[in-house]
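Colleague: This is the structure I have questions about; it appears just below.
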Amino acid sequence: MPVAALKQKAPTPTPTLKTYHAMVLVTRSEEWCVEAGNPEEAHELLAAGLGHRCHLGQRIQFEVESVEGE
């Protein structure tokens, strides 16, 4: 048997990958829009959950709370 063949290493087995699910708490700034007659009315409508998201905004905080395997 040739010397080169003796020096070859056996291939390293590839680790088996698993799917993990995580509970993640994400805080982000968002821009919301609402039709109103003045800023005070707009504030009240937005505080009541009315209006719609105009832009998603940037992520401010990202925290992994827990990770679970299958």
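To be explicit about the labels: the chains of the structure tokens are called A, B, and onward in the order shown, and within each one the residues are counted from 1, while ligands get numbers from 1 in the order they are shown.
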Where in chain A does DSSP assign alpha helix (DSSP H), given as a short mmCIF file (atom, residue, chain, number, x, y, z; two decimals) with N, CA, C and O atoms, in the first residue's frame?
Modeller:
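Result file follows (states-v3.cif):
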```
data_model
loop_
_atom_site.label_atom_id
_atom_site.label_comp_id
_atom_site.auth_asym_id
_atom_site.auth_seq_id
_atom_site.Cartn_x
_atom_site.Cartn_y
_atom_site.Cartn_z
N VAL A 3 2.51 4.87 0.79
CA VAL A 3 2.64 5.61 2.03
C VAL A 3 1.59 6.72 2.11
O VAL A 3 1.01 6.96 3.17
N ALA A 4 1.29 7.40 0.99
CA ALA A 4 0.29 8.49 0.97
C ALA A 4 -1.07 7.97 1.41
O ALA A 4 -1.81 8.63 2.12
N ALA A 5 -1.43 6.78 1.00
CA ALA A 5 -2.72 6.21 1.37
C ALA A 5 -2.77 5.90 2.85
O ALA A 5 -3.83 6.03 3.48
N LEU A 6 -1.66 5.51 3.45
CA LEU A 6 -1.64 5.21 4.88
C LEU A 6 -1.77 6.48 5.73
O LEU A 6 -2.28 6.44 6.84
N LYS A 7 -1.29 7.63 5.21
CA LYS A 7 -1.31 8.87 5.96
C LYS A 7 -2.66 9.58 5.91
O LYS A 7 -2.88 10.50 6.67
N PRO A 39 -52.79 67.20 17.50
CA PRO A 39 -51.86 66.24 18.13
C PRO A 39 -52.45 65.52 19.34
O PRO A 39 -52.18 64.33 19.56
N GLU A 40 -53.26 66.21 20.14
CA GLU A 40 -53.85 65.58 21.32
C GLU A 40 -54.80 64.45 20.92
O GLU A 40 -54.80 63.37 21.51
N GLU A 41 -55.62 64.71 19.90
CA GLU A 41 -56.54 63.67 19.41
C GLU A 41 -55.75 62.50 18.83
O GLU A 41 -56.09 61.33 19.07
N ALA A 42 -54.69 62.80 18.10
CA ALA A 42 -53.85 61.74 17.53
C ALA A 42 -53.25 60.89 18.65
O ALA A 42 -53.23 59.66 18.57
N HIS A 43 -52.80 61.52 19.72
CA HIS A 43 -52.22 60.80 20.85
C HIS A 43 -53.26 59.88 21.47
O HIS A 43 -52.97 58.71 21.77
N GLU A 44 -54.47 60.37 21.66
CA GLU A 44 -55.55 59.56 22.25
C GLU A 44 -55.89 58.37 21.36
O GLU A 44 -56.08 57.25 21.85
N LEU A 45 -55.99 58.62 20.04
CA LEU A 45 -56.32 57.53 19.12
C LEU A 45 -55.24 56.46 19.11
O LEU A 45 -55.52 55.26 19.15
N LEU A 46 -53.98 56.88 19.07
CA LEU A 46 -52.88 55.92 19.06
C LEU A 46 -52.82 55.14 20.38
O LEU A 46 -52.59 53.93 20.39
N ALA A 47 -53.05 55.84 21.50
CA ALA A 47 -53.05 55.17 22.81
C ALA A 47 -54.17 54.14 22.90
O ALA A 47 -54.05 53.14 23.62
#
```
Colleague: What separation in Å, quoted to one decimal, exists between atom CA of A:Glu30 and atom CA of A:His52?
Modeller: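 So the answer is 10.2 Å.
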Colleague: Quick one: residues within 8 Å of stretch 18-22 of chain A, only C-alpha atoms, excluding same-chain residues fewer than 2 positions away - as a ChimeraX atom specification?
Modeller: /A:16,24,64-70
Colleague: Selection from above, N, CA, C and O atoms, as a JSON list (two decimals), in the first residue's frame, can you write it?
Modeller:
```
[["chain", "number", "residue", "atom", "x", "y", "z"],
["A", 16, "THR", "N", -24.97, 16.06, 13.45],
["A", 16, "THR", "CA", -26.38, 16.13, 13.09],
["A", 16, "THR", "C", -26.97, 17.41, 13.64],
["A", 16, "THR", "O", -26.82, 17.72, 14.82],
["A", 24, "VAL", "N", -38.15, 34.85, 22.23],
["A", 24, "VAL", "CA", -37.31, 36.02, 22.10],
["A", 24, "VAL", "C", -38.14, 37.27, 22.38],
["A", 24, "VAL", "O", -39.24, 37.43, 21.86],
["A", 64, "VAL", "N", -32.84, 36.75, 24.21],
["A", 64, "VAL", "CA", -33.31, 35.37, 24.14],
["A", 64, "VAL", "C", -33.72, 34.96, 25.54],
["A", 64, "VAL", "O", -32.90, 34.95, 26.46],
["A", 65, "GLU", "N", -35.00, 34.63, 25.70],
["A", 65, "GLU", "CA", -35.52, 34.27, 27.01],
["A", 65, "GLU", "C", -35.32, 32.78, 27.30],
["A", 65, "GLU", "O", -34.93, 32.40, 28.39],
["A", 66, "SER", "N", -35.61, 31.93, 26.32],
["A", 66, "SER", "CA", -35.43, 30.49, 26.52],
["A", 66, "SER", "C", -35.25, 29.81, 25.17],
["A", 66, "SER", "O", -35.70, 30.32, 24.15],
["A", 67, "VAL", "N", -34.59, 28.65, 25.19],
["A", 67, "VAL", "CA", -34.39, 27.85, 23.98],
["A", 67, "VAL", "C", -34.79, 26.43, 24.31],
["A", 67, "VAL", "O", -34.40, 25.87, 25.33],
["A", 68, "GLU", "N", -35.57, 25.82, 23.40],
["A", 68, "GLU", "CA", -36.03, 24.45, 23.59],
["A", 68, "GLU", "C", -35.72, 23.64, 22.35],
["A", 68, "GLU", "O", -35.86, 24.12, 21.24],
["A", 69, "GLY", "N", -35.30, 22.38, 22.54],
["A", 69, "GLY", "CA", -35.04, 21.49, 21.44],
["A", 69, "GLY", "C", -36.28, 20.69, 21.09],
["A", 69, "GLY", "O", -37.28, 20.74, 21.79],
["A", 70, "GLU", "N", -36.19, 19.97, 19.99],
["A", 70, "GLU", "CA", -37.33, 19.15, 19.56],
["A", 70, "GLU", "C", -37.44, 17.91, 20.40],
["A", 70, "GLU", "O", -36.52, 17.34, 20.88]]
```
Colleague: Using DSSP on the backbone, list every residue of chain A that comes out as strand (DSSP E), and give them as a ChimeraX atom specification.
Modeller: /A:20-28,31-33,52-55,59-69
Colleague: Please indicate the distance in Å from atom CA of A:Ile60 to atom CA of A:Leu25, rounded to one decimal place.
Modeller: 10.8 Å
Colleague: Taking into account only C-alpha atoms, which residue in the set A:Leu17, A:Leu50, A:Thr12, A:Arg59 is nearest to A:Ala36?
Modeller: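 Comparing A:Leu17, A:Leu50, A:Thr12, A:Arg59 against A:Ala36, the winner is A:Leu50.
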Colleague: Grab the atom CA of A:Ser29 to atom CA of A:Cys54 distance for me, in Å with one decimal place.
Modeller: 11.4 Å
